[in-house]
>>> print(open('model-v4.txt').read())   # compact mmCIF, C-alpha atoms
# COMPACT_ATOMS: atom_id res chain seq x y z
CA MET A 553 -16.51 41.72 -20.54
CA ARG A 554 -14.80 44.44 -18.50
CA LEU A 555 -13.79 43.54 -14.96
CA HIS A 556 -15.89 45.40 -12.41
CA TRP A 557 -13.71 47.60 -10.19
CA ALA A 558 -15.33 45.99 -7.16
CA TRP A 559 -13.13 42.96 -7.75
CA VAL A 560 -10.00 45.13 -7.78
CA VAL A 561 -11.02 46.71 -4.47
CA ALA A 562 -11.76 43.27 -3.03
CA GLY A 563 -8.36 41.97 -4.17
CA VAL A 564 -6.42 44.85 -2.65
CA SER A 565 -8.49 44.59 0.53
CA PHE A 566 -7.62 40.90 0.75
CA ILE A 567 -3.89 41.63 0.48
CA ALA A 568 -4.15 44.45 3.04
CA LEU A 569 -5.93 42.18 5.50
CA VAL A 570 -3.25 39.53 5.11
CA GLY A 571 -0.56 42.16 5.69
CA ALA A 572 -2.26 43.45 8.84
CA ALA A 573 -2.72 39.87 10.05
CA SER A 574 0.98 39.10 9.83
CA PHE A 575 1.78 40.69 13.19
CA ARG A 576 -1.17 38.99 14.84
CA ALA A 577 0.53 35.71 13.96
CA ALA A 578 3.38 36.53 16.31
CA PRO A 579 1.96 36.17 19.86
CA GLY A 580 1.42 32.41 19.98
CA ALA A 581 4.74 31.68 18.30
CA LEU A 582 6.77 34.09 20.44
CA ILE A 583 5.52 33.27 23.96
CA GLU A 584 8.22 30.66 24.47
CA PRO A 585 11.13 32.81 23.09
CA LEU A 586 10.05 35.80 25.22
CA ARG A 587 9.77 33.65 28.34
CA ALA A 588 13.22 32.22 27.66
CA GLU A 589 14.95 35.58 27.07
CA PHE A 590 13.25 37.84 29.61
CA GLY A 591 11.90 35.40 32.19
CA TRP A 592 8.39 36.83 31.87
CA THR A 593 5.51 34.59 32.94
CA THR A 594 2.81 33.36 30.57
CA GLY A 595 0.37 35.62 32.41
CA THR A 596 2.52 38.72 31.81
CA ILE A 597 2.87 38.03 28.08
CA SER A 598 -0.82 37.15 27.88
CA LEU A 599 -1.68 40.57 29.35
CA ALA A 600 -0.04 42.30 26.38
CA ILE A 601 -1.89 39.95 24.02
CA SER A 602 -5.17 40.67 25.83
CA ILE A 603 -4.74 44.44 25.47
CA ASN A 604 -3.94 43.95 21.78
CA LEU A 605 -7.07 41.85 21.29
CA LEU A 606 -9.23 44.29 23.26
CA LEU A 607 -8.06 47.38 21.36
CA PHE A 608 -8.31 45.41 18.13
CA GLY A 609 -12.01 45.09 18.86
CA LEU A 610 -12.77 48.47 20.45
CA THR A 611 -11.12 50.37 17.59
CA ALA A 612 -13.28 48.62 14.97
CA PRO A 613 -16.57 50.58 15.27
CA PHE A 614 -14.75 53.92 15.29
CA ALA A 615 -12.61 52.82 12.33
CA ALA A 616 -15.76 51.98 10.35
CA ALA A 617 -17.13 55.47 11.04
CA LEU A 618 -13.73 57.06 10.26
CA MET A 619 -13.74 55.26 6.90
CA ASP A 620 -17.04 57.00 6.13
CA LYS A 621 -15.63 60.38 7.16
CA PHE A 622 -12.01 60.35 5.94
CA GLY A 623 -11.97 57.52 3.43
CA VAL A 624 -10.88 53.91 3.37
CA ARG A 625 -7.46 54.66 1.90
CA VAL A 626 -6.49 57.06 4.68
CA VAL A 627 -7.59 54.72 7.47
CA VAL A 628 -5.99 51.63 5.92
CA THR A 629 -2.68 53.43 5.31
CA PHE A 630 -2.67 54.64 8.92
CA ALA A 631 -3.46 51.14 10.19
CA LEU A 632 -0.66 49.42 8.28
CA THR A 633 1.82 52.10 9.35
CA MET A 634 0.88 51.59 13.01
CA VAL A 635 1.41 47.83 12.65
CA ALA A 636 4.84 48.43 11.12
CA ILE A 637 5.89 50.92 13.83
CA GLY A 638 4.73 48.68 16.67
CA SER A 639 6.39 45.62 15.21
CA GLY A 640 9.65 47.35 14.36
CA LEU A 641 10.13 48.98 17.77
CA THR A 642 9.65 45.73 19.69
CA VAL A 643 13.21 44.73 18.79
CA PHE A 644 14.47 47.39 21.23
CA MET A 645 12.28 46.48 24.23
CA THR A 646 13.85 45.41 27.52
CA ALA A 647 10.89 45.52 29.94
CA SER A 648 7.41 44.03 30.02
CA TRP A 649 5.70 47.46 30.03
CA GLN A 650 7.25 48.09 26.62
CA LEU A 651 5.72 44.85 25.37
CA VAL A 652 2.34 46.02 26.63
CA LEU A 653 2.76 49.44 24.99
CA LEU A 654 4.02 48.27 21.60
CA TRP A 655 2.50 44.85 21.20
CA GLY A 656 -0.65 45.72 23.09
CA VAL A 657 -1.50 49.36 22.42
CA VAL A 658 0.21 50.45 19.18
CA VAL A 659 -0.36 47.27 17.20
CA GLY A 660 -3.81 46.84 18.77
CA LEU A 661 -4.87 50.23 17.43
CA GLY A 662 -3.36 49.51 14.01
CA THR A 663 -4.86 46.08 13.52
CA GLY A 664 -8.17 47.27 14.97
CA SER A 665 -8.43 49.82 12.17
CA MET A 666 -8.12 46.88 9.75
CA ALA A 667 -10.59 44.66 11.59
CA LEU A 668 -13.70 42.98 10.24
CA ALA A 669 -15.62 46.28 10.23
CA PHE A 670 -13.39 47.08 7.25
CA VAL A 671 -14.71 43.93 5.56
CA ALA A 672 -18.29 44.98 6.27
CA THR A 673 -17.58 48.46 4.87
CA ILE A 674 -16.04 47.19 1.63
CA THR A 675 -18.71 44.58 0.93
CA GLY A 676 -21.50 46.97 1.89
CA ARG A 677 -20.28 49.67 -0.49
CA TRP A 678 -19.15 47.61 -3.47
CA PHE A 679 -21.25 44.43 -3.59
CA VAL A 680 -24.89 43.46 -3.75
CA LYS A 681 -24.39 40.32 -5.80
CA HIS A 682 -21.92 37.85 -4.19
CA ARG A 683 -21.81 39.95 -1.00
CA GLY A 684 -21.81 36.95 1.34
CA LEU A 685 -19.19 35.13 -0.72
CA VAL A 686 -16.85 38.14 -0.82
CA THR A 687 -17.34 38.65 2.92
CA GLY A 688 -16.21 35.07 3.40
CA VAL A 689 -13.15 35.49 1.18
CA LEU A 690 -12.02 38.72 2.88
CA THR A 691 -12.63 37.29 6.33
CA ALA A 692 -10.60 34.23 5.41
CA GLY A 693 -7.78 36.51 4.25
CA GLY A 694 -7.49 38.16 7.65
CA ALA A 695 -7.86 35.03 9.73
CA ALA A 696 -5.86 32.70 7.51
CA GLY A 697 -3.10 35.28 7.06
CA GLN A 698 -2.66 35.32 10.81
CA LEU A 699 -2.27 31.54 10.95
CA VAL A 700 -0.37 30.88 7.72
CA PHE A 701 2.41 33.22 8.89
CA LEU A 702 2.90 31.14 12.04
CA PRO A 703 5.37 28.53 10.70
CA LEU A 704 7.55 31.28 9.22
CA VAL A 705 7.43 33.34 12.44
CA ALA A 706 8.19 30.25 14.55
CA TRP A 707 11.03 29.15 12.26
CA LEU A 708 12.62 32.61 12.20
CA ALA A 709 12.35 32.92 15.97
CA ASP A 710 13.88 29.46 16.43
CA SER A 711 16.66 29.92 13.89
CA TYR A 712 17.51 33.63 14.00
CA GLY A 713 15.75 35.00 17.08
CA TRP A 714 12.35 36.59 17.62
CA ARG A 715 13.62 40.06 16.59
CA THR A 716 14.15 38.86 13.03
CA ALA A 717 10.55 37.68 12.91
CA ALA A 718 9.32 41.05 14.20
CA LEU A 719 11.30 42.95 11.55
CA LEU A 720 9.91 40.75 8.78
CA ILE A 721 6.38 41.58 9.91
CA CYS A 722 7.26 45.30 9.90
CA VAL A 723 8.40 45.03 6.27
CA ALA A 724 5.32 42.98 5.27
CA ALA A 725 2.94 45.63 6.63
CA LEU A 726 4.80 48.49 4.90
CA ALA A 727 4.84 46.61 1.58
CA VAL A 728 1.04 46.71 1.41
CA VAL A 729 0.75 50.49 1.88
CA PRO A 730 1.40 51.43 -1.80
CA LEU A 731 -1.26 48.97 -3.00
CA ALA A 732 -3.85 50.48 -0.70
CA ALA A 733 -2.90 54.03 -1.63
CA PHE A 734 -3.07 53.49 -5.41
CA PHE A 735 -5.87 50.97 -5.95
CA LEU A 736 -8.49 51.39 -3.23
CA ARG A 737 -11.46 53.57 -4.18
CA GLU A 738 -14.09 54.85 -1.78
CA TYR A 739 -17.36 54.24 -3.67
CA PRO A 740 -18.39 52.71 -7.02
CA LYS A 741 -19.65 56.13 -8.14
CA ASP A 742 -16.05 57.39 -7.94
CA VAL A 743 -15.25 55.24 -10.99
CA GLY A 744 -18.61 55.74 -12.68
CA LEU A 745 -20.17 52.45 -11.55
CA PHE A 746 -22.93 51.04 -9.38
CA PRO A 747 -22.17 48.40 -6.74
CA LEU A 748 -21.79 44.96 -8.33
CA GLY A 749 -25.28 43.59 -8.90
CA ALA A 750 -27.06 46.91 -8.19
CA THR A 751 -28.96 49.22 -10.54
CA GLU A 752 -28.45 52.37 -8.45
CA ASN A 753 -26.07 53.77 -5.88
CA PRO A 754 -27.06 53.42 -2.20
CA PRO A 755 -27.68 56.56 -0.14
CA PRO A 756 -24.59 58.12 1.48
CA PRO A 757 -23.81 57.27 5.11
CA PRO A 758 -25.15 59.58 7.80
CA SER A 759 -23.18 62.78 8.33
CA GLY A 760 -21.54 63.77 11.60
CA GLY A 761 -18.41 62.98 13.55
CA ALA A 762 -17.04 59.46 13.50
CA ALA A 763 -17.14 59.06 17.27
CA LYS A 764 -20.67 60.46 17.47
CA ARG A 765 -21.88 58.15 14.72
CA ALA A 766 -20.25 55.09 16.31
CA LEU A 767 -21.75 55.86 19.72
CA THR A 768 -25.16 56.72 18.26
CA ALA A 769 -25.23 53.40 16.40
CA LEU A 770 -24.33 51.60 19.62
CA GLY A 771 -27.02 53.45 21.58
CA SER A 772 -29.71 52.50 19.07
CA ALA A 773 -28.57 48.91 18.65
CA ALA A 774 -28.17 48.33 22.40
CA ARG A 775 -31.91 48.83 22.83
CA THR A 776 -32.60 45.73 20.75
CA LYS A 777 -32.51 42.04 21.60
CA PRO A 778 -30.74 40.99 18.34
CA PHE A 779 -27.71 43.12 19.20
CA TRP A 780 -27.15 41.45 22.56
CA LEU A 781 -27.68 37.97 21.19
CA LEU A 782 -25.21 38.61 18.37
CA ALA A 783 -22.70 40.32 20.67
CA GLY A 784 -22.93 37.57 23.29
CA GLY A 785 -22.38 34.82 20.74
CA PHE A 786 -19.53 36.69 19.08
CA ALA A 787 -17.81 37.29 22.44
CA ILE A 788 -17.73 33.52 22.90
CA CYS A 789 -16.50 33.17 19.32
CA GLY A 790 -13.52 35.40 20.12
CA ALA A 791 -12.80 33.59 23.37
CA SER A 792 -12.70 30.21 21.64
CA THR A 793 -10.57 31.29 18.64
CA ASN A 794 -8.16 34.25 18.89
CA GLY A 795 -8.12 34.33 22.68
CA LEU A 796 -7.62 30.65 23.43
CA VAL A 797 -6.58 28.58 20.41
CA GLY A 798 -4.78 31.35 18.52
CA THR A 799 -2.81 32.45 21.59
CA HIS A 800 -2.30 29.29 23.64
CA PHE A 801 -2.42 26.29 21.30
CA ILE A 802 1.34 26.39 20.65
CA PRO A 803 2.45 26.62 24.31
CA ALA A 804 -0.18 24.03 25.27
CA ALA A 805 1.17 21.63 22.64
CA HIS A 806 4.70 22.41 23.83
CA ASP A 807 3.65 21.38 27.36
CA HIS A 808 2.95 17.90 25.95
CA GLY A 809 6.34 17.64 24.27
CA MET A 810 5.44 18.86 20.79
CA PRO A 811 8.08 21.11 19.15
CA THR A 812 7.02 24.72 18.72
CA THR A 813 7.55 24.62 14.97
CA THR A 814 5.32 21.53 14.66
CA ALA A 815 2.55 23.18 16.67
CA ALA A 816 2.87 26.33 14.55
CA GLY A 817 2.54 24.18 11.44
CA LEU A 818 -0.70 22.73 12.80
CA LEU A 819 -2.12 26.20 13.36
CA ALA A 820 -1.07 27.15 9.85
CA LEU A 821 -3.05 24.15 8.63
CA VAL A 822 -6.02 25.55 10.54
CA GLY A 823 -5.52 28.69 8.45
CA VAL A 824 -5.53 26.73 5.19
CA PHE A 825 -8.80 25.00 5.99
CA ASP A 826 -10.20 28.24 7.39
CA ILE A 827 -10.03 29.67 3.87
CA VAL A 828 -12.21 26.85 2.58
CA GLY A 829 -14.61 26.96 5.53
CA THR A 830 -15.11 30.72 5.50
CA ILE A 831 -15.64 30.96 1.75
CA VAL A 832 -18.15 28.11 1.88
CA SER A 833 -19.83 29.84 4.83
CA GLY A 834 -20.11 33.03 2.78
CA TRP A 835 -21.69 31.07 -0.06
CA LEU A 836 -24.12 29.40 2.37
CA THR A 837 -24.97 32.80 3.89
CA ASP A 838 -26.27 33.93 0.49
CA LYS A 839 -28.59 30.90 0.41
CA MET A 840 -29.54 29.85 3.96
CA ASP A 841 -30.84 31.19 7.27
CA SER A 842 -27.85 32.87 8.93
CA ARG A 843 -29.31 32.25 12.37
CA LEU A 844 -29.26 28.49 11.87
CA LEU A 845 -25.77 28.56 10.38
CA LEU A 846 -24.43 30.33 13.48
CA ALA A 847 -26.08 27.86 15.84
CA ALA A 848 -24.56 24.92 13.97
CA TYR A 849 -21.08 26.45 13.83
CA TYR A 850 -20.96 27.21 17.54
CA ALA A 851 -22.32 23.83 18.62
CA LEU A 852 -19.83 21.88 16.51
CA ARG A 853 -16.95 24.06 17.72
CA GLY A 854 -17.90 23.47 21.35
CA LEU A 855 -17.91 19.70 20.96
CA SER A 856 -14.52 19.75 19.24
CA LEU A 857 -12.91 21.86 22.00
CA MET A 858 -14.10 19.46 24.68
CA LEU A 859 -12.22 16.68 22.90
CA LEU A 860 -8.98 18.63 22.41
CA PRO A 861 -7.25 17.93 25.78
CA GLN A 862 -7.17 14.20 24.95
CA LEU A 863 -5.56 14.82 21.56
CA PHE A 864 -2.32 16.54 22.56
CA GLY A 865 0.88 14.53 22.28
CA GLU A 866 4.52 14.69 21.26
CA SER A 867 3.61 14.38 17.59
CA ALA A 868 0.72 15.25 15.28
CA HIS A 869 -1.10 11.91 15.29
CA PRO A 870 -4.14 11.32 13.02
CA SER A 871 -6.80 12.26 15.59
CA MET A 872 -5.14 15.66 16.11
CA LEU A 873 -5.02 16.21 12.36
CA VAL A 874 -8.76 15.47 12.16
CA PHE A 875 -9.37 18.11 14.86
CA ILE A 876 -7.18 20.63 13.04
CA ILE A 877 -9.04 20.13 9.76
CA PHE A 878 -12.47 20.34 11.38
CA TYR A 879 -11.56 23.32 13.56
CA GLY A 880 -10.04 25.09 10.59
CA LEU A 881 -13.26 24.77 8.60
CA ASP A 882 -15.15 26.32 11.53
CA TRP A 883 -12.53 28.93 12.64
CA VAL A 884 -14.21 32.12 11.39
CA ALA A 885 -17.13 30.62 9.50
CA THR A 886 -19.26 32.61 11.95
CA VAL A 887 -18.33 35.96 10.40
CA PRO A 888 -20.32 35.99 7.10
CA PRO A 889 -23.68 35.13 8.75
CA THR A 890 -23.00 37.61 11.58
CA VAL A 891 -22.23 40.42 9.10
CA ALA A 892 -25.37 39.51 7.15
CA LEU A 893 -27.55 39.61 10.26
CA CYS A 894 -26.15 43.00 11.30
CA ARG A 895 -26.96 44.34 7.86
CA GLN A 896 -30.47 42.86 7.96
CA TYR A 897 -31.26 44.14 11.45
CA PHE A 898 -29.56 47.55 11.34
CA GLY A 899 -29.57 48.63 7.67
CA MET A 900 -27.09 51.37 6.70
CA SER A 901 -25.66 51.33 10.22
CA GLY A 902 -24.89 47.61 9.85
CA PRO A 903 -21.09 47.97 9.35
CA VAL A 904 -20.74 50.23 12.39
CA VAL A 905 -22.98 48.01 14.51
CA PHE A 906 -20.96 45.01 13.37
CA GLY A 907 -17.92 46.93 14.59
CA TRP A 908 -19.44 46.91 18.08
CA VAL A 909 -20.40 43.25 17.78
CA PHE A 910 -16.81 42.59 16.76
CA ALA A 911 -15.64 44.60 19.79
CA SER A 912 -17.47 42.05 21.94
CA HIS A 913 -15.64 39.32 20.00
CA GLN A 914 -12.31 40.83 20.98
CA LEU A 915 -13.40 41.45 24.57
CA GLY A 916 -14.10 37.74 24.82
CA ALA A 917 -10.75 37.01 23.18
CA ALA A 918 -8.90 39.30 25.59
CA LEU A 919 -10.53 37.73 28.65
CA ALA A 920 -9.81 34.23 27.39
CA ALA A 921 -6.17 35.01 26.58
CA SER A 922 -5.51 36.28 30.11
CA ALA A 923 -7.65 33.66 31.85
CA ALA A 924 -5.98 30.80 30.00
CA GLY A 925 -2.52 32.17 30.79
CA LEU A 926 -3.37 32.44 34.49
CA THR A 927 -4.89 28.95 34.40
CA ARG A 928 -1.63 27.57 33.02
CA ASP A 929 0.45 29.45 35.62
CA HIS A 930 -1.65 28.28 38.60
CA LEU A 931 -2.77 24.77 37.56
CA GLY A 932 0.15 23.78 35.36
CA SER A 933 -2.22 22.79 32.55
CA TYR A 934 -4.60 24.35 30.02
CA ASP A 935 -7.20 21.55 30.29
CA LEU A 936 -9.78 23.56 32.26
CA ALA A 937 -9.61 26.36 29.69
CA TRP A 938 -10.51 24.00 26.82
CA TYR A 939 -13.50 22.53 28.68
CA VAL A 940 -14.88 25.93 29.70
CA ALA A 941 -14.54 27.25 26.14
CA GLY A 942 -16.37 24.22 24.76
CA ALA A 943 -19.27 24.73 27.17
CA LEU A 944 -19.47 28.42 26.30
CA CYS A 945 -19.69 27.58 22.59
CA ILE A 946 -22.74 25.42 23.27
CA GLY A 947 -24.23 28.47 24.99
CA ALA A 948 -23.46 30.59 21.93
CA ALA A 949 -25.39 28.12 19.78
CA VAL A 950 -28.42 28.65 22.04
CA LEU A 951 -28.08 32.45 21.76
CA SER A 952 -27.92 32.24 17.96
CA ALA A 953 -30.99 29.99 17.78
CA SER A 954 -32.86 32.61 19.84
CA LEU A 955 -32.50 35.30 17.16
CA ALA A 956 -35.47 36.45 15.07
CA ARG A 957 -36.68 33.56 12.91
CA SER A 958 -36.70 35.52 9.67
CA PRO A 959 -35.09 38.74 8.39
CA GLU A 960 -38.54 40.29 8.00
CA GLU A 961 -39.19 40.12 11.74
CA ALA A 962 -36.05 41.99 12.73
CA PRO A 963 -36.98 45.50 11.47
CA ARG A 964 -40.33 45.32 13.27
CA ASP A 965 -38.60 44.22 16.47
CA LEU A 966 -36.06 47.01 16.04
CA ALA A 967 -38.71 49.63 15.43
CA ARG A 968 -40.80 48.57 18.44
CA GLN A 969 -37.81 48.49 20.79
CA GLY A 970 -36.43 51.77 19.44
CA ALA A 971 -39.80 53.42 20.03
CA ALA A 972 -39.93 51.98 23.53
CA GLY A 973 -36.45 53.43 24.28
>>> encode(input="model-v4.txt", output="structure tokens")
Amino acid sequence: MRLHWAWVVAGVSFIALVGAASFRAAPGALIEPLRAEFGWTTGTISLAISINLLLFGLTAPFAAALMDKFGVRVVVTFALTMVAIGSGLTVFMTASWQLVLLWGVVVGLGTGSMALAFVATITGRWFVKHRGLVTGVLTAGGAAGQLVFLPLVAWLADSYGWRTAALLICVAALAVVPLAAFFLREYPKDVGLFPLGATENPPPPPSGGAAKRALTALGSAARTKPFWLLAGGFAICGASTNGLVGTHFIPAAHDHGMPTTTAAGLLALVGVFDIVGTIVSGWLTDKMDSRLLLAAYYALRGLSLMLLPQLFGESAHPSMLVFIIFYGLDWVATVPPTVALCRQYFGMSGPVVFGWVFASHQLGAALAASAAGLTRDHLGSYDLAWYVAGALCIGAAVLSASLARSPEEAPRDLARQGAAG
């Protein structure tokens, strides 16, 4: 039986997401080297990380619309090139504003164009059958790629200096460009196929400018309760993953005497188990109520974060390893059900609306990255940050449980609220 081209597109997309994620592995591993060389505070470095996270999210809805207008290949090639430029030029920086510009702005725009809205676009165009599962696999590629690179980045920074690590990331991003250029296709009809599992091609996306379409989708979605519940929960998701754990776990572990390379290895282990957890979450999303899955994921994450301050030590003892495994399984398990709910509630505009929901994710991550850095500078400890994040995750579980009880209710709610607006 001939391999459906959807699987080729999914494979190349997976590799591209891993390549884009490589630079996002750098912040947590390079905080200590940058502090040592330049004397910058944790808060200063965290500001650059926060801008990166914020732009990573705010670019996503426009990137999804740009993919509809100019094509996936063009946008992905641009994104990987921006990551490479931003990473490569950091080796010449001498002032903190240059860190903010390159690490924050340039790389933020590049990685934002390869954010999870890209996943929603690919799965929405190419898959009907196995859509949730493929969403889980691609999501795991981006998130796990970020974490699995950590030991290598930390080792290179420790052994050869942080500039060597930055140059490696530049090369990794550029290496993916030819794959995207040659193997990505825009729509199944371009190769004479229907989406996998479909018997006809879906209607084309709405016409119009990318910015107009992104803002129109936001305006329509913002008049509905599901959008705000999803966006609120996902903001907390970002705060408790990329913003807090992804950025500050390594320096927090270092505060307790753990070597940076050991802490980076633990985060890489999170990435390994994230692959399992996200793929399983995608499979469950095809079979279960996404609303209930989200509530369970957030509640369990909140409880685990509240236990974390007691688990830090000079070495990775068994209780910390249990946390790492559990947290890895839950790291981005929230993405497949959130993508599915956006598609159910907002139809063809689902990928663009998910881009805005993801923007809220990164807004939460940006706020958490800066707040945790300031907490460490002023209190000398990250403990308060872990407890607050845990409590917020419990709140996210409540928000998720408050969503429409069945997919069939959402369109009626959307229609009523849209008419009221």
>>> closest_residue(input="model-v4.txt", among="A:Leu926, A:Val884, A:Cys894, A:Met810", to="Asp826 of chain A", atoms="all atoms listed in the file")
A:Val884
>>> residues_around(input="model-v4.txt", residues="Thr675 of chain A", least_positions_apart="2", cutoff="9 Å", atoms="only C-alpha atoms", output="number ranges by chain")
A: 558, 562, 670-673, 677-680, 683-684, 686-687
>>> atom_distance(input="model-v4.txt", atom1="atom CA of Gly656 of chain A", atom2="atom CA of Gly925 of chain A")
15.7 Å
>>> closest_atom_pairs(input="model-v4.txt", of="segment 799-863 of chain A", to="segment 766-781 of chain A", cutoff="12 Å", atoms="all atoms listed in the file", output="JSON lines")
{"residue": "A:Arg843", "atom": "CA", "partner": "A:Leu781", "partner_atom": "CA", "distance": 10.6}
{"residue": "A:Leu846", "atom": "CA", "partner": "A:Leu781", "partner_atom": "CA", "distance": 11.3}
{"residue": "A:Ala847", "atom": "CA", "partner": "A:Leu781", "partner_atom": "CA", "distance": 11.5}
>>> atom_distance(input="model-v4.txt", atom1="atom CA of Phe614 of chain A", atom2="atom CA of Ala600 of chain A")
21.8 Å
>>> atom_distance(input="model-v4.txt", atom1="atom CA of Asp882 of chain A", atom2="atom CA of Ala848 of chain A")
9.8 Å
>>> residues_around(input="model-v4.txt", residues="Ala612 of chain A", least_positions_apart="6", cutoff="9 Å", atoms="all atoms listed in the file", output="number ranges by chain")
A: 661, 663-670, 904, 906-908, 910-911
>>> residues_around(input="model-v4.txt", residues="Asp742 of chain A", least_positions_apart="4", cutoff="12 Å", atoms="only C-alpha atoms", output="MDAnalysis selection string")
chainID A and resid 557:558 677:678 736:738 746:747 753
>>> closest_atom_pairs(input="model-v4.txt", of="segment 582-671 of chain A", to="segment 701-706 of chain A", cutoff="10 Å", atoms="only C-alpha atoms", output="tab-separated table")
residue	atom	partner	partner_atom	distance
A:Leu582	CA	A:Ala706	CA	7.2
A:Glu584	CA	A:Ala706	CA	9.9
A:Pro585	CA	A:Ala706	CA	9.4
>>> closest_residue(input="model-v4.txt", among="A:Val658, A:Ala750, A:Ala820, A:Val905", to="Ala783 of chain A", atoms="all atoms listed in the file")
A:Val905
>>> closest_atom_pairs(input="model-v4.txt", of="segment 665-779 of chain A", to="segment 636-653 of chain A", cutoff="9 Å", atoms="all atoms listed in the file", output="tab-separated table")
residue	atom	partner	partner_atom	distance
A:Trp714	CA	A:Val643	CA	8.3
A:Arg715	CA	A:Val643	CA	5.2
A:Thr716	CA	A:Val643	CA	8.3
A:Ala718	CA	A:Ser639	CA	5.5
A:Leu719	CA	A:Gly640	CA	5.5
A:Leu720	CA	A:Gly640	CA	8.6
A:Ile721	CA	A:Ser639	CA	6.7
A:Cys722	CA	A:Ala636	CA	4.1
A:Val723	CA	A:Ala636	CA	6.9
A:Ala724	CA	A:Ala636	CA	8.0
A:Ala725	CA	A:Ala636	CA	5.6
A:Leu726	CA	A:Ala636	CA	6.2
